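K.L.:
File start_25.csv below, CSV, C-alpha atoms:
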chain,number,residue,atom,x,y,z
A,1,MET,CA,15.6,-3.4,-9.7
A,2,THR,CA,14.2,0.1,-10.5
A,3,ALA,CA,16.5,2.9,-9.4
A,4,PRO,CA,14.7,5.4,-7.1
A,5,GLY,CA,14.2,9.0,-8.1
A,6,THR,CA,16.6,11.9,-7.3
A,7,ASP,CA,16.3,15.2,-5.4
A,8,GLY,CA,14.9,13.5,-2.3
A,9,ASP,CA,12.1,11.7,-4.2
A,10,ARG,CA,12.7,7.9,-3.6
A,11,LEU,CA,9.9,7.0,-6.1
A,12,ALA,CA,11.1,5.6,-9.4
A,13,PRO,CA,10.9,8.5,-11.8
A,14,HIS,CA,8.7,6.8,-14.4
A,15,ALA,CA,6.2,6.0,-11.6
A,16,ARG,CA,5.7,9.6,-10.5
A,17,PRO,CA,3.1,10.6,-13.2
A,18,LEU,CA,1.1,7.5,-12.3
A,19,VAL,CA,1.2,8.2,-8.6
A,20,ASP,CA,0.2,11.8,-9.1
A,21,ALA,CA,-2.7,10.8,-11.3
A,22,LEU,CA,-3.9,8.2,-8.7
A,23,SER,CA,-3.5,10.7,-5.9
A,24,ALA,CA,-5.6,13.3,-7.7
A,25,ALA,CA,-8.4,10.8,-8.3
A,26,PHE,CA,-8.4,9.4,-4.8
A,27,PRO,CA,-10.7,10.8,-2.1
A,28,ASP,CA,-9.3,13.0,0.7
A,29,LEU,CA,-10.0,10.4,3.3
A,30,GLY,CA,-10.2,11.8,6.8
A,31,GLY,CA,-9.9,15.4,5.4
A,32,THR,CA,-12.7,16.7,3.2
A,33,VAL,CA,-14.1,13.2,2.8
A,34,THR,CA,-15.1,11.5,6.1
A,35,ASP,CA,-18.1,9.3,4.9
A,36,ALA,CA,-17.4,5.9,3.5
A,37,ALA,CA,-20.4,6.0,1.1
A,38,GLU,CA,-19.1,9.3,-0.4
A,39,ALA,CA,-15.6,7.8,-0.7
A,40,ARG,CA,-17.0,4.9,-2.7
A,41,ARG,CA,-19.0,7.3,-4.9
A,42,ILE,CA,-15.8,9.2,-5.8
A,43,LEU,CA,-13.8,6.0,-6.5
A,44,ALA,CA,-16.6,4.7,-8.8
A,45,ALA,CA,-16.3,7.8,-11.0
A,46,PRO,CA,-12.9,7.7,-12.7
A,47,PRO,CA,-11.8,4.7,-14.8
A,48,ALA,CA,-8.8,2.6,-13.8
A,49,GLN,CA,-5.7,4.0,-15.4
A,50,GLY,CA,-3.2,1.6,-17.1
A,51,LYS,CA,-4.7,-1.6,-15.8
A,52,THR,CA,-5.0,-4.6,-18.1
A,53,ALA,CA,-7.6,-7.3,-18.0
A,54,PRO,CA,-6.0,-10.4,-19.6
A,55,PRO,CA,-8.2,-13.1,-21.0
A,56,VAL,CA,-9.0,-16.1,-18.9
A,57,GLY,CA,-10.9,-19.3,-19.7
A,58,ALA,CA,-14.2,-18.5,-17.9
A,59,VAL,CA,-15.6,-16.1,-15.3
A,60,ARG,CA,-18.6,-16.7,-13.1
A,61,ASP,CA,-20.3,-14.6,-10.4
A,62,ARG,CA,-22.1,-16.6,-7.7
A,63,THR,CA,-22.7,-16.6,-3.9
A,64,VAL,CA,-21.2,-19.0,-1.3
A,65,PRO,CA,-22.2,-19.5,2.3
A,66,GLY,CA,-21.1,-16.8,4.7
A,67,PRO,CA,-20.3,-17.2,8.4
A,68,ALA,CA,-23.1,-18.6,10.7
A,69,GLY,CA,-25.9,-16.0,10.9
A,70,ALA,CA,-24.4,-13.8,8.2
A,71,PRO,CA,-25.4,-13.3,4.6
A,72,ASP,CA,-24.1,-15.3,1.7
A,73,LEU,CA,-20.9,-13.9,0.2
A,74,PRO,CA,-20.7,-12.8,-3.4
A,75,VAL,CA,-17.6,-14.2,-5.2
A,76,ARG,CA,-16.3,-14.2,-8.7
A,77,VAL,CA,-14.6,-17.4,-9.9
A,78,TYR,CA,-11.9,-17.1,-12.6
A,79,ARG,CA,-10.9,-20.3,-14.4
A,80,PRO,CA,-7.7,-20.3,-16.6
A,81,GLU,CA,-7.6,-21.3,-20.2
A,82,GLY,CA,-6.2,-24.7,-21.2
A,83,PRO,CA,-6.7,-28.3,-20.1
A,84,GLY,CA,-8.0,-29.0,-16.6
A,85,SER,CA,-4.8,-30.4,-15.1
A,86,PRO,CA,-4.4,-30.1,-11.3
A,87,ARG,CA,-4.4,-26.4,-10.5
A,88,PRO,CA,-3.9,-24.3,-7.4
A,89,THR,CA,-7.0,-22.6,-6.0
A,90,VAL,CA,-6.4,-19.0,-4.9
A,91,VAL,CA,-8.9,-17.3,-2.5
A,92,PHE,CA,-8.3,-13.6,-3.2
A,93,PHE,CA,-9.2,-10.7,-1.0
A,94,HIS,CA,-9.3,-7.2,-2.4
A,95,GLY,CA,-7.7,-4.2,-0.8
A,96,GLY,CA,-9.4,-0.9,0.1
A,97,GLY,CA,-8.8,-0.5,3.8
A,98,TYR,CA,-11.6,-2.9,4.7
A,99,THR,CA,-13.9,0.0,3.6
A,100,LEU,CA,-13.6,0.5,-0.1
A,101,CYS,CA,-13.4,-1.5,-3.4
A,102,GLY,CA,-14.8,-4.8,-4.4
A,103,LEU,CA,-15.0,-7.4,-7.2
A,104,ASP,CA,-15.0,-4.9,-10.0
A,105,THR,CA,-12.1,-2.7,-8.8
A,106,HIS,CA,-9.9,-5.8,-8.6
A,107,ASP,CA,-11.1,-7.6,-11.6
A,108,ALA,CA,-7.9,-7.0,-13.6
A,109,THR,CA,-5.7,-8.1,-10.7
A,110,ALA,CA,-7.7,-11.3,-10.3
A,111,ARG,CA,-7.6,-12.0,-14.0
A,112,THR,CA,-3.9,-11.4,-14.0
A,113,LEU,CA,-3.3,-13.9,-11.2
A,114,CYS,CA,-5.4,-16.5,-12.9
A,115,ALA,CA,-3.8,-16.1,-16.3
A,116,GLU,CA,-0.2,-15.9,-15.1
A,117,SER,CA,-0.3,-18.7,-12.5
A,118,GLY,CA,-2.7,-21.1,-14.1
A,119,ALA,CA,-4.8,-21.1,-10.9
A,120,VAL,CA,-8.5,-21.0,-10.3
A,121,VAL,CA,-9.1,-17.7,-8.5
A,122,VAL,CA,-12.0,-17.0,-6.2
A,123,SER,CA,-12.3,-13.3,-5.6
A,124,VAL,CA,-14.3,-12.5,-2.4
A,125,ALA,CA,-16.6,-9.6,-1.8
A,126,TYR,CA,-16.4,-9.6,2.0
A,127,ARG,CA,-18.5,-7.2,4.1
A,128,LEU,CA,-17.1,-3.7,4.4
A,129,ALA,CA,-16.7,-1.3,7.3
A,130,PRO,CA,-18.0,0.9,8.8
A,131,GLU,CA,-21.4,-0.8,8.2
A,132,HIS,CA,-19.7,-4.1,9.2
A,133,ARG,CA,-16.8,-3.7,11.5
A,134,PHE,CA,-14.2,-6.1,12.8
A,135,PRO,CA,-14.4,-9.1,12.9
A,136,ALA,CA,-17.0,-9.3,10.0
A,137,ALA,CA,-14.4,-9.2,7.2
A,138,ALA,CA,-12.2,-11.7,9.0
A,139,GLU,CA,-15.0,-14.1,9.5
A,140,ASP,CA,-16.1,-13.7,5.9
A,141,ALA,CA,-12.6,-14.4,4.7
A,142,TYR,CA,-12.5,-17.7,6.7
A,143,ALA,CA,-15.9,-18.7,5.5
A,144,ALA,CA,-14.8,-18.2,1.8
A,145,LEU,CA,-11.6,-20.2,2.5
A,146,CYS,CA,-13.7,-23.1,3.9
A,147,TRP,CA,-16.0,-23.1,0.9
A,148,ALA,CA,-13.1,-22.9,-1.6
A,149,GLU,CA,-11.2,-25.7,0.0
A,150,ALA,CA,-14.3,-27.9,0.2
A,151,SER,CA,-15.1,-27.1,-3.5
A,152,ALA,CA,-11.6,-27.8,-4.6
A,153,GLY,CA,-11.6,-31.1,-2.8
A,154,ALA,CA,-15.0,-32.1,-4.3
A,155,GLY,CA,-13.8,-31.2,-7.8
A,156,GLY,CA,-16.3,-28.3,-8.2
A,157,LEU,CA,-13.6,-25.8,-8.9
A,158,GLY,CA,-11.2,-28.0,-10.8
A,159,GLY,CA,-8.4,-27.2,-8.4
A,160,ASP,CA,-5.9,-29.4,-6.5
A,161,PRO,CA,-7.3,-29.7,-2.9
A,162,GLY,CA,-3.7,-29.8,-1.6
A,163,ALA,CA,-2.9,-26.4,-3.2
A,164,VAL,CA,-5.3,-23.9,-1.7
A,165,VAL,CA,-3.7,-20.4,-1.4
A,166,THR,CA,-4.9,-17.3,0.4
A,167,ALA,CA,-3.9,-14.1,-1.3
A,168,GLY,CA,-4.7,-10.4,-1.2
A,169,ASP,CA,-3.4,-6.9,-1.5
A,170,SER,CA,-3.3,-4.2,1.2
A,171,SER,CA,-6.2,-4.9,3.7
A,172,GLY,CA,-6.9,-8.0,1.6
A,173,GLY,CA,-3.3,-9.1,2.3
A,174,GLY,CA,-4.1,-8.7,6.0
A,175,LEU,CA,-7.2,-10.9,5.5
A,176,ALA,CA,-5.2,-13.5,3.6
A,177,THR,CA,-2.9,-14.1,6.6
A,178,VAL,CA,-5.8,-13.8,9.1
A,179,ALA,CA,-7.7,-16.5,7.2
A,180,ALA,CA,-4.5,-18.7,7.5
A,181,LEU,CA,-4.3,-17.9,11.2
A,182,MET,CA,-8.0,-18.9,11.7
A,183,ALA,CA,-7.5,-22.1,9.7
A,184,ARG,CA,-4.6,-23.0,12.0
A,185,ASP,CA,-6.6,-22.1,15.1
A,186,ARG,CA,-9.7,-23.9,14.0
A,187,ALA,CA,-8.1,-27.0,12.8
A,188,GLY,CA,-8.5,-26.4,9.1
A,189,PRO,CA,-8.8,-26.1,6.2
A,190,ALA,CA,-5.2,-26.7,5.1
A,191,VAL,CA,-3.6,-23.7,3.4
A,192,ALA,CA,-0.6,-24.3,1.1
A,193,LEU,CA,0.6,-20.7,0.8
A,194,GLN,CA,-0.3,-17.2,1.8
A,195,VAL,CA,0.5,-14.4,-0.7
A,196,LEU,CA,0.6,-11.0,1.0
A,197,ILE,CA,0.9,-8.0,-1.3
A,198,TYR,CA,1.8,-4.9,0.7
A,199,PRO,CA,-0.4,-6.2,3.5
A,200,VAL,CA,-2.1,-4.2,6.3
A,201,LEU,CA,-0.9,-6.0,9.4
A,202,ASP,CA,-0.7,-3.7,12.5
A,203,ALA,CA,-3.3,-1.3,13.9
A,204,GLY,CA,-0.4,0.2,15.9
A,205,GLN,CA,0.7,2.2,12.8
A,206,ASP,CA,4.0,3.1,14.4
A,207,SER,CA,6.6,1.7,12.0
A,208,GLY,CA,9.3,3.9,10.6
A,209,SER,CA,7.8,3.9,7.1
A,210,TYR,CA,4.6,5.4,8.4
A,211,THR,CA,6.7,8.5,9.0
A,212,SER,CA,9.1,8.4,6.1
A,213,ASN,CA,6.3,7.6,3.6
A,214,ALA,CA,3.5,9.5,5.3
A,215,THR,CA,2.8,11.6,2.2
A,216,GLY,CA,3.7,11.9,-1.4
A,217,TYR,CA,3.3,8.3,-2.6
A,218,PHE,CA,-0.4,7.9,-3.2
A,219,LEU,CA,-1.4,6.0,0.0
A,220,THR,CA,-0.8,8.2,3.0
A,221,ALA,CA,-0.6,7.6,6.7
A,222,ALA,CA,-3.7,9.8,7.1
A,223,HIS,CA,-5.6,7.4,4.8
A,224,LEU,CA,-4.6,4.5,6.9
A,225,ARG,CA,-5.6,6.1,10.1
A,226,TRP,CA,-9.1,6.7,8.6
A,227,PHE,CA,-9.3,3.1,7.4
A,228,TRP,CA,-8.5,1.7,10.8
A,229,ARG,CA,-11.1,4.0,12.5
A,230,GLN,CA,-13.8,2.7,10.1
A,231,TYR,CA,-12.8,-1.0,10.6
A,232,LEU,CA,-12.4,-1.0,14.4
A,233,GLY,CA,-14.8,1.7,15.4
A,234,PRO,CA,-14.5,3.4,18.8
A,235,ASP,CA,-14.4,0.2,20.8
A,236,GLY,CA,-12.6,-2.3,18.5
A,237,ASP,CA,-9.6,-4.2,19.7
A,238,GLY,CA,-6.8,-3.4,17.4
A,239,THR,CA,-4.4,-5.7,19.3
A,240,HIS,CA,-6.5,-8.8,18.5
A,241,PRO,CA,-4.4,-11.1,16.3
A,242,TYR,CA,-7.3,-11.3,13.8
A,243,ALA,CA,-7.2,-7.5,13.5
A,244,SER,CA,-3.4,-7.1,13.7
A,245,PRO,CA,-1.6,-10.3,12.6
A,246,ALA,CA,1.7,-8.7,13.6
A,247,THR,CA,0.7,-9.4,17.2
A,248,ALA,CA,-0.1,-13.1,16.6
A,249,ASP,CA,1.8,-16.3,17.4
A,250,LEU,CA,3.0,-17.2,13.9
A,251,SER,CA,4.1,-20.7,14.5
A,252,ALA,CA,2.7,-23.5,12.3
A,253,LEU,CA,1.5,-21.2,9.6
A,254,PRO,CA,1.8,-22.0,5.9
A,255,PRO,CA,4.7,-20.6,3.8
A,256,ALA,CA,4.3,-17.0,2.7
A,257,HIS,CA,5.3,-14.9,-0.3
A,258,ILE,CA,5.4,-11.2,0.7
A,259,VAL,CA,5.6,-8.2,-1.6
A,260,THR,CA,6.6,-4.8,-0.3
A,261,ALA,CA,7.2,-1.4,-1.8
A,262,GLY,CA,9.8,1.0,-0.6
A,263,CYS,CA,7.6,4.1,-0.9
A,264,ASP,CA,4.6,2.7,1.0
A,265,PRO,CA,3.7,3.5,4.6
A,266,LEU,CA,3.1,-0.2,5.1
A,267,CYS,CA,6.6,-1.2,3.9
A,268,ASP,CA,8.2,-1.7,7.3
A,269,GLU,CA,5.4,-3.8,8.8
A,270,GLY,CA,5.4,-6.1,5.8
A,271,GLU,CA,9.2,-6.5,6.1
A,272,ALA,CA,8.9,-7.1,9.9
A,273,TYR,CA,6.2,-9.7,9.4
A,274,ALA,CA,8.4,-11.6,7.0
A,275,VAL,CA,11.2,-11.6,9.6
A,276,LYS,CA,8.8,-12.7,12.3
A,277,LEU,CA,7.5,-15.5,10.2
A,278,GLY,CA,11.0,-16.7,9.5
A,279,LEU,CA,11.8,-16.7,13.2
A,280,ALA,CA,8.7,-18.8,13.8
A,281,GLY,CA,10.0,-21.4,11.3
A,282,VAL,CA,7.7,-20.5,8.5
A,283,PRO,CA,9.3,-20.5,5.0
A,284,VAL,CA,9.2,-17.0,3.4
A,285,THR,CA,10.1,-15.6,0.0
A,286,ARG,CA,10.0,-11.9,-0.6
A,287,GLY,CA,9.9,-9.4,-3.4
A,288,HIS,CA,10.9,-5.8,-2.3
A,289,TYR,CA,10.7,-3.0,-4.8
A,290,PRO,CA,12.5,0.1,-3.3
A,291,GLY,CA,11.2,2.6,-5.9
A,292,MET,CA,7.6,1.5,-6.0
A,293,PHE,CA,4.4,2.7,-4.2
A,294,HIS,CA,1.4,1.0,-2.6
A,295,GLY,CA,-0.7,-0.5,-5.4
A,296,PHE,CA,2.0,-0.8,-8.0
A,297,LEU,CA,1.4,-4.4,-8.7
A,298,GLY,CA,-1.9,-3.5,-10.4
A,299,PHE,CA,0.0,-1.8,-13.3
A,300,PRO,CA,2.0,-4.5,-15.1
A,301,ARG,CA,1.4,-2.8,-18.5
A,302,LEU,CA,3.1,0.4,-17.3
A,303,LEU,CA,5.7,-0.7,-14.7
A,304,ASP,CA,8.6,-3.2,-15.1
A,305,ASP,CA,8.6,-3.8,-11.4
A,306,ALA,CA,4.9,-4.7,-11.5
A,307,ARG,CA,5.6,-7.3,-14.2
A,308,ALA,CA,8.4,-8.8,-12.1
A,309,ALA,CA,6.3,-8.9,-9.0
A,310,VAL,CA,3.4,-10.5,-10.8
A,311,ALA,CA,5.8,-13.1,-12.2
A,312,ASP,CA,7.1,-14.0,-8.8
A,313,VAL,CA,3.7,-14.2,-7.3
A,314,ALA,CA,2.5,-16.4,-10.1
A,315,GLU,CA,5.5,-18.7,-9.7
A,316,ALA,CA,4.9,-19.0,-6.0
A,317,ILE,CA,1.3,-19.9,-6.5
A,318,ALA,CA,2.0,-22.4,-9.3
A,319,SER,CA,4.6,-24.1,-7.2
A,320,THR,CA,2.1,-25.2,-4.7
A,321,VAL,CA,1.1,-28.0,-7.0
A,322,ALA,CA,3.7,-30.8,-6.8
A,323,ASP,CA,6.3,-30.7,-9.6
A,324,ARG,CA,4.6,-27.8,-11.3
A,325,LYS,CA,6.6,-24.6,-12.0
A,326,ILE,CA,6.2,-21.9,-14.6
A,327,GLY,CA,9.6,-20.3,-14.5
A,328,GLY,CA,12.8,-20.2,-12.5
A,329,ASP,CA,13.3,-20.3,-8.7
A,330,VAL,CA,11.3,-18.0,-6.6
A,331,GLY,CA,12.9,-16.5,-3.6
A,332,GLY,CA,15.2,-13.9,-2.2
A,333,VAL,CA,14.7,-10.1,-2.3
A,334,THR,CA,14.3,-7.9,-5.3
A,335,GLY,CA,15.9,-4.6,-4.8
Spell out the structure here as structure tokens.

P.N.:
Amino acid sequence: MTAPGTDGDRLAPHARPLVDALSAAFPDLGGTVTDAAEARRILAAPPAQGKTAPPVGAVRDRTVPGPAGAPDLPVRVYRPEGPGSPRPTVVFFHGGGYTLCGLDTHDATARTLCAESGAVVVSVAYRLAPEHRFPAAAEDAYAALCWAEASAGAGGLGGDPGAVVTAGDSSGGGLATVAALMARDRAGPAVALQVLIYPVLDAGQDSGSYTSNATGYFLTAAHLRWFWRQYLGPDGDGTHPYASPATADLSALPPAHIVTAGCDPLCDEGEAYAVKLGLAGVPVTRGHYPGMFHGFLGFPRLLDDARAAVADVAEAIASTVADRKIGGDVGGVTG
């Protein structure tokens, strides 16, 4: 566990320079920057700082069928090194507030999940808002899950058809649990695990951490308000369970591993979702990092907590294949 900072700053001291650098490079969403295209242009300019791209066995870009009446979906498939024993298949959804980012911004994260867990990772470029508002991203996520499960079952991905995992960070974490909800509601496909990394889960935006972590830790409450406006538009239903899984009936969902950061506006909704899943009878493991910020898991080269979080996520994924583990027991709360 990383000790938080002093003098009222709860962020781990060694993380402060990184957070300040990330904040300086990030667009002032909802302030001086209100246009999504402009925000994407700004984000495309600076290189990622401190992110590693570990080697994997093979990487291939391709397209897969989208929802009925919608375009095909670009995906990037990562295959691990080593012999082709039964492997999990991870369907990964990138973060970015449903509005920003894509396959390239999350390439290092997808590679890390592939290399550390030994899973085939299918990273999905779902449609972005505001050009494509809710439920476009949710329907894309479900379509990608259906393709990945069918391909794993047919042997095309080399994965174990009984070990299909939905995973994502931030808004992608929201889509990972929404895809699992849709799979339950639509009678398939089967999902073995959902990995939710500081997920976006509630359009209500009224948790305590929205106030206590509103500014100063990279992602701000103002950013999140802007993201929700882009995703829902003026008439979108933020209470719909496929927009806000926190409002959903969570019974009969697959097990979950949830990562939260103590200095993140989304911390409380992730923690509350873990509790709600448990009350619904869904097995949950958690990794909570009190001195960390939204996005920390992308920096395992710089942050001990990121390495620990990646290891626990990788173990949870690997364990979806019967009798296959890569370390010790996963479970409990870090921090």

K.L.:
Within 9 Å of (-1.1, -10.0, 5.3) (file coordinates; all atoms listed in the file), which protein or nucleic acid residues are there? I'd like them as JSON, numbers by chain.

P.N.:
{"A": [167, 168, 169, 170, 171, 172, 173, 174, 175, 176, 177, 178, 194, 195, 196, 197, 198, 199, 200, 201, 245, 246, 258, 270, 273]}

K.L.:
Please identify all polymer residues within 7 Å of region 58-74 of chain A, counting all atoms listed in the file, omitting same-chain residues fewer than 4 positions from it, and present them as a VMD selection string.

P.N.:
chain A and resid 78 to 80 124 to 126 139 to 140 143 147

K.L.:
Please indicate the distance in Å from CA of Arg301 (chain A) to CA of Leu22 (chain A), rounded to one decimal place.

P.N.:
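CA of Leu22 (chain A) lies 15.7 Å from CA of Arg301 (chain A).
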
K.L.:
Quick one: residues within 9 Å of Gly298 (chain A), only C-alpha atoms counted, chain neighbours fewer than 3 positions away excluded, as an MDAnalysis selection string?

P.N.:
chainID A and resid 50:52 106 108:109 112 295 301 306 310

K.L.:
Just how far from CA of His132 (chain A) is CA of Thr105 (chain A), in Å to one decimal?

P.N.:
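Interatomic distance, CA of Thr105 (chain A) to CA of His132 (chain A): 19.6 Å.
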
K.L.:
Kindly give the distance, in Å, that separates CA of Phe92 (chain A) and CA of Gln230 (chain A), rounded to a single decimal.

P.N.:
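Pair CA of Phe92 (chain A) / CA of Gln230 (chain A) returns 21.7 Å.
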
K.L.:
Let me make sure I understand: among A:Asp237, A:Tyr217, A:Gly95, A:Ser207, which one has the smallest atom-to-atom distance to Ala24 (chain A) if we use all atoms listed in the file?

P.N.:
A:Tyr217

K.L.:
Would you please work out which residue, of A:Arg229, A:Arg133, A:His294, A:Arg186, is nearest to Gly204 (chain A) when using all atoms listed in the file?

P.N.:
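Closest to Gly204 (chain A), using all atoms listed in the file: A:Arg229.
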
K.L.:
For region 79-95 of chain A, what centre and edge lengths in Å (one decimal) does the axis-aligned box get once 5 Å is added on each side of all its listed atoms, as JSON?

P.N.:
{"center_x": -7.4, "center_y": -17.3, "center_z": -11.0, "size_x": 17.0, "size_y": 36.2, "size_z": 30.4}

K.L.:
So which residues fall inside 9 Å of (9.7, -17.8, 0.7) if we count all atoms listed in the file? Mind giving them as a list in words?

P.N.:
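Residues satisfying the cut-off, written out: Pro255, Ala256, His257, Ile258, Ala274, Gly278, Val282, Pro283, Val284, Thr285, Arg286, Ala316, Val330, Gly331 and Gly332 of chain A.
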